[in-house]
Amino acid sequence: VSLQQVVGIDLGGTKALAGVVTTDGQVHSRVYISSRDQEPEELLDNLAQVARDAAKEANVPWEEIDAVGMGIPGTLDLTRSIVGIAPNLNWHQLAAKAELQTRLGVPVFLENDVRSAALGEHRYGAGRGARSMIAVFVGTGVGGGLIVNGQLYHGARGGAGEIGHVVVLADGPECGCGQRGCVEALSARTALSRYVADAVEAGEQTVLSERVEGGVQMLTSRDIAQAVASNDRVAKKALAHSAHYLGLAIGSLVNAFDPDVIVLGGGVVEAGGAPILDSVLGDDAGLLGAALTGIEGLAAAATA
Ligand SMILES: [Zn+2]
């Protein structure tokens, strides 16, 4: 039996990564393009092109590609065909599945990008073999995904897994979603940066003061990791503050779901070290998850 070959596309707000992935989880090519400042039609054309380029790079004739799976930084309808809103791409109610299928001539399957990273960690990474899993990724925001009975859990309207908007501090800082006290508003990189900026304002000494001078600037995960490694007190306090609220959110989820494993990933987690299972796929989680969306989409279509 020959392995199925799919193209996975991990589409982000600034760049997209496409690669040929086989059913055994091997990545055979990697091609990046910018996804910035493009009209939807133009970006769809470029995504179709990068899928073909990824096949060419892996020396696979396009006719031998079985499907394309793509992770999207936005919301999807229940059939996962229409992108409801992808704010960083300026996509609204876009029939991305049909648009790409027309351009590529193979079945296309879509998944939310964070959910697809959770799927990648479950099938090929830290959560392999677990029946139930909670994945939490902490970077610019906080996102996640739930695996229930071995499958990605989508919920009644497709919105399950929005772990970042679990409220952990009543009347806490305002979140991008409009609520107050979401774990994203207390634990993500933005919150960490603000914590450090406040400390500098209050006269505390830190190696990060230059980075946050003149208002809140976004610290990179590398800034935080370096400061923590040099035993910087403010950086360590900021990380502990972030971890405290993240712990509250995860603790509540554990009580509600009783999962086999919890996988923690994302730049902020990598900067601090994690008490639970570290994600093992890093940047490949999104690509592998997108590819899996294609592989599992094909399998589901075959049994339907
Ligand atoms: Zn929120």
# chains A, B, ... in the order shown; residues from 1 in each chain; ligands from 1
>>> residues_near_ligand(ligand="ligand 1", cutoff="7 Å", atoms="only C-alpha atoms and all ligand atoms", output="short mmCIF file (atom, residue, chain, number, x, y, z; two decimals) with C-alpha atoms, in the first residue's frame")
data_model
loop_
_atom_site.label_atom_id
_atom_site.label_comp_id
_atom_site.auth_asym_id
_atom_site.auth_seq_id
_atom_site.Cartn_x
_atom_site.Cartn_y
_atom_site.Cartn_z
CA GLY A 164 -7.95 31.88 25.51
CA HIS A 165 -11.29 33.35 26.49
CA CYS A 175 -9.38 41.32 26.23
CA GLY A 176 -9.44 41.73 22.44
CA CYS A 177 -12.75 39.83 22.45
CA GLY A 178 -14.48 42.52 24.53
CA GLN A 179 -14.71 40.53 27.80
CA ARG A 180 -12.63 41.29 30.88
CA CYS A 182 -9.75 36.34 29.89
CA GLU A 184 -5.39 35.64 27.01
CA ALA A 185 -5.48 39.15 28.52
#
>>> select_by_dssp(residues="stretch 47-165 of chain A", states="strand (DSSP E)", output="PyMOL selection string")
chain A and resi 67-72+83-86+91-94+108-112+133-138+142-148+151-152
>>> write_last_selection(atoms="N, CA and C atoms", output="compact mmCIF listing (two decimals), in the first residue's frame")
# COMPACT_ATOMS: atom_id res chain seq x y z
N ALA A 67 -4.80 15.29 -1.69
CA ALA A 67 -5.66 16.33 -1.12
C ALA A 67 -4.79 17.47 -0.60
N VAL A 68 -5.45 18.58 -0.28
CA VAL A 68 -4.78 19.70 0.36
C VAL A 68 -5.51 19.98 1.67
N GLY A 69 -4.76 20.14 2.75
CA GLY A 69 -5.35 20.54 4.04
C GLY A 69 -4.77 21.88 4.42
N MET A 70 -5.62 22.78 4.94
CA MET A 70 -5.10 24.11 5.27
C MET A 70 -5.61 24.57 6.63
N GLY A 71 -4.69 25.07 7.44
CA GLY A 71 -5.05 25.70 8.71
C GLY A 71 -5.23 27.19 8.48
N ILE A 72 -6.33 27.75 9.03
CA ILE A 72 -6.74 29.13 8.76
C ILE A 72 -6.76 29.93 10.06
N VAL A 83 -14.94 30.46 5.46
CA VAL A 83 -14.25 31.18 6.53
C VAL A 83 -15.16 32.34 6.94
N GLY A 84 -15.60 32.33 8.19
CA GLY A 84 -16.50 33.39 8.69
C GLY A 84 -15.74 34.70 8.77
N ILE A 85 -14.70 34.69 9.59
CA ILE A 85 -13.87 35.89 9.69
C ILE A 85 -12.43 35.49 10.01
N ALA A 86 -11.51 36.04 9.23
CA ALA A 86 -10.08 35.88 9.49
C ALA A 86 -9.52 37.30 9.48
N TRP A 91 -10.47 38.49 5.57
CA TRP A 91 -11.42 37.57 4.94
C TRP A 91 -12.73 37.60 5.72
N HIS A 92 -13.82 37.77 4.99
CA HIS A 92 -15.15 37.72 5.61
C HIS A 92 -16.04 36.84 4.73
N GLN A 93 -16.65 35.84 5.34
CA GLN A 93 -17.57 34.96 4.61
C GLN A 93 -16.99 34.53 3.26
N LEU A 94 -15.82 33.96 3.30
CA LEU A 94 -15.13 33.56 2.08
C LEU A 94 -15.23 32.04 1.90
N VAL A 108 -10.04 19.80 -1.01
CA VAL A 108 -9.39 20.71 -0.05
C VAL A 108 -10.17 20.65 1.26
N PHE A 109 -9.46 20.55 2.38
CA PHE A 109 -10.10 20.51 3.69
C PHE A 109 -9.51 21.60 4.57
N LEU A 110 -10.39 22.30 5.30
CA LEU A 110 -9.95 23.43 6.11
C LEU A 110 -10.12 23.14 7.60
N GLU A 111 -9.26 23.75 8.39
CA GLU A 111 -9.40 23.68 9.84
C GLU A 111 -8.87 24.99 10.41
N ASN A 112 -9.37 25.38 11.57
CA ASN A 112 -8.79 26.53 12.27
C ASN A 112 -7.31 26.23 12.57
N MET A 133 -7.29 14.89 25.14
CA MET A 133 -6.15 15.80 25.27
C MET A 133 -6.62 17.25 25.24
N ILE A 134 -5.97 18.07 26.04
CA ILE A 134 -6.17 19.52 25.93
C ILE A 134 -4.84 20.10 25.46
N ALA A 135 -4.86 20.87 24.38
CA ALA A 135 -3.64 21.56 23.93
C ALA A 135 -3.84 23.05 24.17
N VAL A 136 -2.82 23.68 24.73
CA VAL A 136 -2.87 25.13 24.97
C VAL A 136 -1.59 25.74 24.40
N PHE A 137 -1.75 26.72 23.52
CA PHE A 137 -0.61 27.39 22.92
C PHE A 137 -0.60 28.85 23.37
N VAL A 138 0.51 29.29 23.94
CA VAL A 138 0.60 30.66 24.44
C VAL A 138 1.65 31.42 23.64
N VAL A 142 -3.68 33.38 23.29
CA VAL A 142 -3.75 32.04 23.88
C VAL A 142 -4.82 31.28 23.09
N GLY A 143 -4.42 30.14 22.53
CA GLY A 143 -5.38 29.33 21.77
C GLY A 143 -5.26 27.89 22.18
N GLY A 144 -6.15 27.09 21.67
CA GLY A 144 -6.06 25.68 22.06
C GLY A 144 -6.94 24.80 21.22
N GLY A 145 -7.00 23.56 21.64
CA GLY A 145 -7.84 22.58 20.95
C GLY A 145 -8.13 21.43 21.89
N LEU A 146 -9.25 20.79 21.67
CA LEU A 146 -9.67 19.67 22.51
C LEU A 146 -9.77 18.41 21.67
N ILE A 147 -9.19 17.33 22.17
CA ILE A 147 -9.35 16.02 21.53
C ILE A 147 -10.23 15.20 22.47
N VAL A 148 -11.35 14.72 21.97
CA VAL A 148 -12.27 13.90 22.76
C VAL A 148 -12.48 12.59 21.99
N GLN A 151 -10.73 12.24 18.66
CA GLN A 151 -11.06 13.16 17.56
C GLN A 151 -11.03 14.61 18.03
N LEU A 152 -10.70 15.51 17.10
CA LEU A 152 -10.80 16.93 17.39
C LEU A 152 -12.27 17.24 17.69
>>> closest_residue(among="A:Val166, A:Leu3, A:Arg30, A:Gln38", to="A:Glu64", atoms="only C-alpha atoms")
A:Leu3
>>> select_by_dssp(residues="stretch 50-278 of chain A", states="alpha helix (DSSP H)", output="PyMOL selection string")
chain A and resi 50-57+96-104+113-124+183-187+189-201+209-212+221-229+233-257+267-272
>>> residues_around(residues="A:Asp232", least_positions_apart="5", cutoff="8 Å", atoms="only C-alpha atoms", output="count of residues only")
3
>>> closest_residue(among="A:Leu44, A:Ala96, A:Ala58, A:Ala199", to="A:Val21", atoms="only C-alpha atoms")
A:Ala58
>>> residues_around(residues="A:Ser252", least_positions_apart="3", cutoff="12 Å", atoms="only C-alpha atoms", output="PyMOL selection string")
chain A and resi 134+163+166-168+183+245-249+255-259
>>> write_last_selection(atoms="N, CA, C and O atoms", output="compact mmCIF listing (two decimals), in the first residue's frame")
# COMPACT_ATOMS: atom_id res chain seq x y z
N ILE A 134 -5.97 18.07 26.04
CA ILE A 134 -6.17 19.52 25.93
C ILE A 134 -4.84 20.10 25.46
O ILE A 134 -3.81 19.83 26.07
N ILE A 163 -9.88 28.39 24.23
CA ILE A 163 -9.39 28.35 25.61
C ILE A 163 -8.92 29.72 26.09
O ILE A 163 -9.02 30.06 27.26
N VAL A 166 -11.36 31.83 28.38
CA VAL A 166 -11.82 31.40 29.71
C VAL A 166 -11.49 32.55 30.66
O VAL A 166 -10.36 33.05 30.67
N VAL A 167 -12.48 33.00 31.43
CA VAL A 167 -12.26 34.13 32.35
C VAL A 167 -11.61 33.62 33.64
O VAL A 167 -12.11 32.70 34.27
N VAL A 168 -10.47 34.20 34.00
CA VAL A 168 -9.75 33.77 35.20
C VAL A 168 -9.63 34.89 36.24
O VAL A 168 -9.14 34.67 37.34
N VAL A 183 -8.01 34.65 30.12
CA VAL A 183 -6.64 34.20 30.33
C VAL A 183 -5.70 34.79 29.27
O VAL A 183 -4.55 35.10 29.55
N TYR A 245 -2.07 32.63 35.99
CA TYR A 245 -3.40 32.69 35.37
C TYR A 245 -3.61 31.56 34.36
O TYR A 245 -4.71 31.02 34.24
N LEU A 246 -2.55 31.19 33.68
CA LEU A 246 -2.64 30.06 32.76
C LEU A 246 -2.99 28.79 33.55
O LEU A 246 -3.84 27.99 33.13
N GLY A 247 -2.37 28.65 34.71
CA GLY A 247 -2.64 27.50 35.58
C GLY A 247 -4.09 27.46 36.03
O GLY A 247 -4.71 26.39 36.08
N LEU A 248 -4.65 28.64 36.35
CA LEU A 248 -6.06 28.69 36.76
C LEU A 248 -6.95 28.20 35.62
O LEU A 248 -7.88 27.43 35.84
N ALA A 249 -6.67 28.66 34.41
CA ALA A 249 -7.49 28.27 33.25
C ALA A 249 -7.37 26.77 33.01
O ALA A 249 -8.38 26.07 32.82
N ASN A 255 -10.68 20.06 35.42
CA ASN A 255 -11.86 19.65 36.19
C ASN A 255 -13.04 19.36 35.29
O ASN A 255 -13.81 18.43 35.55
N ALA A 256 -13.20 20.13 34.24
CA ALA A 256 -14.35 19.94 33.35
C ALA A 256 -14.17 18.73 32.43
O ALA A 256 -15.12 18.02 32.14
N PHE A 257 -12.93 18.48 31.96
CA PHE A 257 -12.74 17.46 30.91
C PHE A 257 -12.01 16.20 31.36
O PHE A 257 -12.09 15.19 30.68
N ASP A 258 -11.25 16.27 32.44
CA ASP A 258 -10.46 15.12 32.90
C ASP A 258 -9.70 14.45 31.73
O ASP A 258 -9.91 13.27 31.43
N PRO A 259 -8.82 15.19 31.07
CA PRO A 259 -8.13 14.63 29.89
C PRO A 259 -7.00 13.68 30.29
O PRO A 259 -6.49 13.75 31.41
